[in-house]
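This is run.cif. It holds mmCIF, C-alpha atoms.
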data_final
loop_
_atom_site.label_atom_id
_atom_site.label_comp_id
_atom_site.auth_asym_id
_atom_site.auth_seq_id
_atom_site.Cartn_x
_atom_site.Cartn_y
_atom_site.Cartn_z
CA ALA A 1 61.89 19.85 -267.71
CA ASN A 2 58.33 18.89 -268.37
CA LEU A 3 56.15 19.80 -271.37
CA VAL A 4 52.44 18.97 -271.67
CA VAL A 5 50.28 20.03 -274.62
CA THR A 6 46.47 20.11 -274.40
CA PRO A 7 44.22 19.41 -276.13
CA ASN A 8 45.85 16.50 -277.89
CA PRO A 9 44.64 15.72 -280.52
CA PHE A 10 44.53 19.39 -281.49
CA MET A 11 41.45 20.41 -283.48
CA ASN A 12 41.24 24.21 -283.98
CA GLY A 13 41.51 27.28 -281.80
CA VAL A 14 43.61 27.62 -278.67
CA SER A 15 46.11 25.14 -277.29
CA THR A 16 47.71 25.14 -273.86
CA TYR A 17 51.39 24.41 -273.21
CA SER A 18 52.25 23.62 -269.58
CA VAL A 19 55.98 24.01 -269.06
CA ASN A 20 58.21 23.28 -266.05
CA VAL A 21 61.89 24.16 -266.41
CA PRO A 22 64.82 23.70 -263.98
CA GLN A 23 66.27 27.19 -264.55
CA GLU A 24 64.71 30.51 -265.47
CA GLY A 25 65.86 31.72 -268.87
CA ASN A 26 65.12 32.04 -272.54
CA TYR A 27 63.37 29.08 -274.13
CA THR A 28 61.85 28.32 -277.51
CA LEU A 29 58.83 26.16 -278.34
CA SER A 30 58.91 24.96 -281.94
CA VAL A 31 56.72 22.76 -284.16
CA TYR A 32 58.32 20.00 -286.26
CA ASP A 33 56.69 17.72 -288.81
CA ALA A 34 56.87 13.92 -288.67
CA VAL A 35 60.17 13.78 -290.59
CA GLY A 36 61.90 16.40 -288.44
CA ASN A 37 61.51 19.56 -290.52
CA LYS A 38 60.96 22.69 -288.43
CA VAL A 39 57.56 24.18 -289.27
CA SER A 40 57.49 27.23 -286.99
CA ASP A 41 58.38 28.73 -283.62
CA ILE A 42 55.37 28.94 -281.29
CA TYR A 43 57.04 30.88 -278.48
CA SER A 44 60.41 32.40 -277.80
CA GLY A 45 61.12 34.20 -274.55
CA ASN A 46 61.71 34.01 -270.83
CA ILE A 47 60.19 31.16 -268.80
CA SER A 48 60.33 31.15 -264.99
CA SER A 49 61.47 28.14 -262.99
CA SER A 50 59.40 29.00 -259.91
CA ALA A 51 56.16 27.28 -261.01
CA THR A 52 54.39 25.61 -263.89
CA ASN A 53 54.19 28.10 -266.73
CA VAL A 54 51.01 27.91 -268.78
CA LEU A 55 51.13 29.39 -272.24
CA GLU A 56 47.76 29.66 -273.99
CA LEU A 57 48.30 30.38 -277.63
CA ASN A 58 45.91 30.99 -280.49
CA ASP A 59 47.67 28.78 -283.00
CA ALA A 60 46.48 30.38 -286.24
CA TYR A 61 49.45 28.94 -288.15
CA VAL A 62 48.92 25.48 -286.62
CA ASN A 63 45.34 25.64 -287.90
CA GLU A 64 46.85 25.90 -291.39
CA LEU A 65 48.71 22.58 -291.03
CA ASN A 66 47.39 19.36 -292.49
CA SER A 67 46.09 16.63 -290.22
CA GLY A 68 48.86 14.39 -288.96
CA VAL A 69 51.56 13.83 -286.38
CA TYR A 70 53.79 16.73 -285.32
CA PHE A 71 56.24 17.35 -282.50
CA ILE A 72 56.51 20.29 -280.11
CA LYS A 73 60.08 20.87 -278.96
CA LEU A 74 61.12 22.93 -275.91
CA GLU A 75 64.75 24.11 -276.06
CA GLY A 76 66.92 26.28 -273.85
CA LYS A 77 69.18 26.26 -270.76
CA GLY A 78 70.24 22.65 -271.31
CA VAL A 79 66.64 21.52 -271.92
CA ASN A 80 65.62 19.55 -274.99
CA GLU A 81 62.10 18.17 -274.40
CA VAL A 82 59.81 16.83 -277.15
CA GLU A 83 56.08 16.10 -277.03
CA LYS A 84 54.14 14.40 -279.83
CA ILE A 85 50.90 16.06 -280.91
CA ILE A 86 48.22 15.02 -283.34
CA ILE A 87 46.39 17.53 -285.49
CA SER A 88 42.95 16.26 -286.45
CA LYS A 89 40.62 18.21 -288.70
#

Can you present the structure in this file as structure tokens?
Amino acid sequence: ANLVVTPNPFMNGVSTYSVNVPQEGNYTLSVYDAVGNKVSDIYSGNISSSATNVLELNDAYVNELNSGVYFIKLEGKGVNEVEKIIISK
């Protein structure tokens, strides 16, 4: 699996999550803080394995987070991929 988050650092507005997975199925994208506490789920649903899936999300709840380091985690179908993001305000 492959997970890329742009822009990074994240300022405000819309972020893009490019996701490649080996098998089609249900996946969850979640935000974790620097010490590993789950902050929120960004996406939960089916992701296709046939191409790069691009999820553009208006992250209103991410805009409420303080500046700092966070982690986006993709889970499902044997996938456990983590990408570090920086929120800068």

On this structure, which residues satisfy the PyMOL selection byres ((chain A and resi 13-20) around 9), written as a PyMOL selection string?
chain A and resi 1-8+10-12+21-22+47-60+63+74

So what do you get for CA of Gln23 (chain A) versus CA of Val79 (chain A), distance-wise?
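Atom-to-atom, CA of Gln23 (chain A) and CA of Val79 (chain A) are spaced 9.3 Å apart.
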
Mind pulling up the distance from CA of Gly78 (chain A) to CA of Val39 (chain A)?
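Straight-line distance from CA of Val39 (chain A) to CA of Gly78 (chain A) works out to 22.0 Å.
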
Expand the PyMOL selection byres ((chain A and resi 28) around 8) into the explicit residue set it covers here, and present it as a PDB file with C-alpha atoms, in the coordinates of the input.
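Output file out-v8.pdb is given in full below:
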ATOM      1  CA  ASN A  26      65.120  32.040-272.540  1.00  0.00           C
ATOM      2  CA  TYR A  27      63.370  29.080-274.130  1.00  0.00           C
ATOM      3  CA  LEU A  29      58.830  26.160-278.340  1.00  0.00           C
ATOM      4  CA  SER A  30      58.910  24.960-281.940  1.00  0.00           C
ATOM      5  CA  ASP A  41      58.380  28.730-283.620  1.00  0.00           C
ATOM      6  CA  ILE A  42      55.370  28.940-281.290  1.00  0.00           C
ATOM      7  CA  TYR A  43      57.040  30.880-278.480  1.00  0.00           C
ATOM      8  CA  SER A  44      60.410  32.400-277.800  1.00  0.00           C
ATOM      9  CA  GLY A  45      61.120  34.200-274.550  1.00  0.00           C
ATOM     10  CA  LYS A  73      60.080  20.870-278.960  1.00  0.00           C
ATOM     11  CA  LEU A  74      61.120  22.930-275.910  1.00  0.00           C
ATOM     12  CA  GLU A  75      64.750  24.110-276.060  1.00  0.00           C
ATOM     13  CA  GLY A  76      66.920  26.280-273.850  1.00  0.00           C
TER      14      GLY A  76
END

Return the single residue from A:Tyr70, A:Asn80, A:Leu65, A:Pro9 that is closest to Tyr32 (chain A), with distances computed using only C-alpha atoms.
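Ranking A:Tyr70, A:Asn80, A:Leu65, A:Pro9 by distance to Tyr32 (chain A), first place goes to A:Tyr70.
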
Coordinates-based distance that separates CA of Lys89 (chain A) from CA of Ala34 (chain A) (Å, one decimal):
16.8 Å

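Residue nearest Ser67 (chain A) within the list A:Asp33, A:Ser40, A:Glu81, A:Gly25: A:Asp33 [criterion: smallest interatomic distance, only C-alpha atoms].
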
Picked residues, the PyMOL selection byres ((chain A and resi 68) around 6), expected as a PDB file with C-alpha atoms, in the frame of the given file:
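Everything below was put into out-v2.pdb:
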ATOM      1  CA  SER A  67      46.090  16.630-290.220  1.00  0.00           C
ATOM      2  CA  VAL A  69      51.560  13.830-286.380  1.00  0.00           C
ATOM      3  CA  ILE A  86      48.220  15.020-283.340  1.00  0.00           C
ATOM      4  CA  ILE A  87      46.390  17.530-285.490  1.00  0.00           C
TER       5      ILE A  87
END

Repaired coordinates for region 16-40 of chain A (N, CA and C atoms) as a PDB file, in the frame of the given file:
ATOM      1  N   THR A  16      47.041  24.782-275.100  1.00  0.00           N
ATOM      2  CA  THR A  16      47.710  25.140-273.860  1.00  0.00           C
ATOM      3  C   THR A  16      48.991  24.346-273.724  1.00  0.00           C
ATOM      4  N   TYR A  17      50.071  25.030-273.401  1.00  0.00           N
ATOM      5  CA  TYR A  17      51.390  24.410-273.210  1.00  0.00           C
ATOM      6  C   TYR A  17      51.777  24.628-271.752  1.00  0.00           C
ATOM      7  N   SER A  18      51.817  23.545-270.984  1.00  0.00           N
ATOM      8  CA  SER A  18      52.250  23.620-269.580  1.00  0.00           C
ATOM      9  C   SER A  18      53.726  23.252-269.530  1.00  0.00           C
ATOM     10  N   VAL A  19      54.529  24.164-269.015  1.00  0.00           N
ATOM     11  CA  VAL A  19      55.980  24.010-269.060  1.00  0.00           C
ATOM     12  C   VAL A  19      56.577  24.169-267.668  1.00  0.00           C
ATOM     13  N   ASN A  20      57.377  23.190-267.255  1.00  0.00           N
ATOM     14  CA  ASN A  20      58.210  23.280-266.050  1.00  0.00           C
ATOM     15  C   ASN A  20      59.657  23.220-266.499  1.00  0.00           C
ATOM     16  N   VAL A  21      60.468  24.158-266.039  1.00  0.00           N
ATOM     17  CA  VAL A  21      61.890  24.160-266.410  1.00  0.00           C
ATOM     18  C   VAL A  21      62.739  24.254-265.143  1.00  0.00           C
ATOM     19  N   PRO A  22      63.960  23.693-265.177  1.00  0.00           N
ATOM     20  CA  PRO A  22      64.820  23.700-263.980  1.00  0.00           C
ATOM     21  C   PRO A  22      65.442  25.057-263.687  1.00  0.00           C
ATOM     22  N   GLN A  23      65.647  25.884-264.728  1.00  0.00           N
ATOM     23  CA  GLN A  23      66.270  27.190-264.550  1.00  0.00           C
ATOM     24  C   GLN A  23      65.498  28.238-265.336  1.00  0.00           C
ATOM     25  N   GLU A  24      65.321  29.407-264.734  1.00  0.00           N
ATOM     26  CA  GLU A  24      64.710  30.510-265.470  1.00  0.00           C
ATOM     27  C   GLU A  24      65.637  30.907-266.608  1.00  0.00           C
ATOM     28  N   GLY A  25      65.053  31.271-267.738  1.00  0.00           N
ATOM     29  CA  GLY A  25      65.860  31.720-268.870  1.00  0.00           C
ATOM     30  C   GLY A  25      65.056  31.760-270.141  1.00  0.00           C
ATOM     31  N   ASN A  26      65.759  31.979-271.235  1.00  0.00           N
ATOM     32  CA  ASN A  26      65.120  32.040-272.540  1.00  0.00           C
ATOM     33  C   ASN A  26      64.941  30.646-273.116  1.00  0.00           C
ATOM     34  N   TYR A  27      63.726  30.372-273.552  1.00  0.00           N
ATOM     35  CA  TYR A  27      63.370  29.080-274.130  1.00  0.00           C
ATOM     36  C   TYR A  27      62.594  29.300-275.412  1.00  0.00           C
ATOM     37  N   THR A  28      62.603  28.280-276.256  1.00  0.00           N
ATOM     38  CA  THR A  28      61.850  28.320-277.510  1.00  0.00           C
ATOM     39  C   THR A  28      60.996  27.071-277.625  1.00  0.00           C
ATOM     40  N   LEU A  29      59.731  27.260-277.997  1.00  0.00           N
ATOM     41  CA  LEU A  29      58.830  26.160-278.340  1.00  0.00           C
ATOM     42  C   LEU A  29      58.681  26.165-279.849  1.00  0.00           C
ATOM     43  N   SER A  30      58.971  25.053-280.487  1.00  0.00           N
ATOM     44  CA  SER A  30      58.910  24.960-281.940  1.00  0.00           C
ATOM     45  C   SER A  30      58.067  23.769-282.368  1.00  0.00           C
ATOM     46  N   VAL A  31      57.491  23.858-283.576  1.00  0.00           N
ATOM     47  CA  VAL A  31      56.720  22.760-284.160  1.00  0.00           C
ATOM     48  C   VAL A  31      57.562  22.122-285.256  1.00  0.00           C
ATOM     49  N   TYR A  32      57.619  20.766-285.238  1.00  0.00           N
ATOM     50  CA  TYR A  32      58.320  20.000-286.260  1.00  0.00           C
ATOM     51  C   TYR A  32      57.345  19.006-286.880  1.00  0.00           C
ATOM     52  N   ASP A  33      57.524  18.733-288.173  1.00  0.00           N
ATOM     53  CA  ASP A  33      56.690  17.720-288.810  1.00  0.00           C
ATOM     54  C   ASP A  33      57.225  16.332-288.499  1.00  0.00           C
ATOM     55  N   ALA A  34      56.547  15.310-289.011  1.00  0.00           N
ATOM     56  CA  ALA A  34      56.870  13.920-288.670  1.00  0.00           C
ATOM     57  C   ALA A  34      58.257  13.480-289.132  1.00  0.00           C
ATOM     58  N   VAL A  35      58.839  14.168-290.122  1.00  0.00           N
ATOM     59  CA  VAL A  35      60.170  13.780-290.590  1.00  0.00           C
ATOM     60  C   VAL A  35      61.270  14.685-290.038  1.00  0.00           C
ATOM     61  N   GLY A  36      60.899  15.592-289.124  1.00  0.00           N
ATOM     62  CA  GLY A  36      61.900  16.400-288.440  1.00  0.00           C
ATOM     63  C   GLY A  36      62.159  17.773-289.006  1.00  0.00           C
ATOM     64  N   ASN A  37      61.355  18.209-289.974  1.00  0.00           N
ATOM     65  CA  ASN A  37      61.510  19.560-290.520  1.00  0.00           C
ATOM     66  C   ASN A  37      60.824  20.571-289.605  1.00  0.00           C
ATOM     67  N   LYS A  38      61.534  21.645-289.276  1.00  0.00           N
ATOM     68  CA  LYS A  38      60.960  22.690-288.430  1.00  0.00           C
ATOM     69  C   LYS A  38      59.892  23.424-289.224  1.00  0.00           C
ATOM     70  N   VAL A  39      58.689  23.512-288.627  1.00  0.00           N
ATOM     71  CA  VAL A  39      57.560  24.180-289.270  1.00  0.00           C
ATOM     72  C   VAL A  39      57.499  25.638-288.827  1.00  0.00           C
ATOM     73  N   SER A  40      57.617  25.881-287.516  1.00  0.00           N
ATOM     74  CA  SER A  40      57.490  27.230-286.990  1.00  0.00           C
ATOM     75  C   SER A  40      57.882  27.281-285.519  1.00  0.00           C
TER      76      SER A  40
END
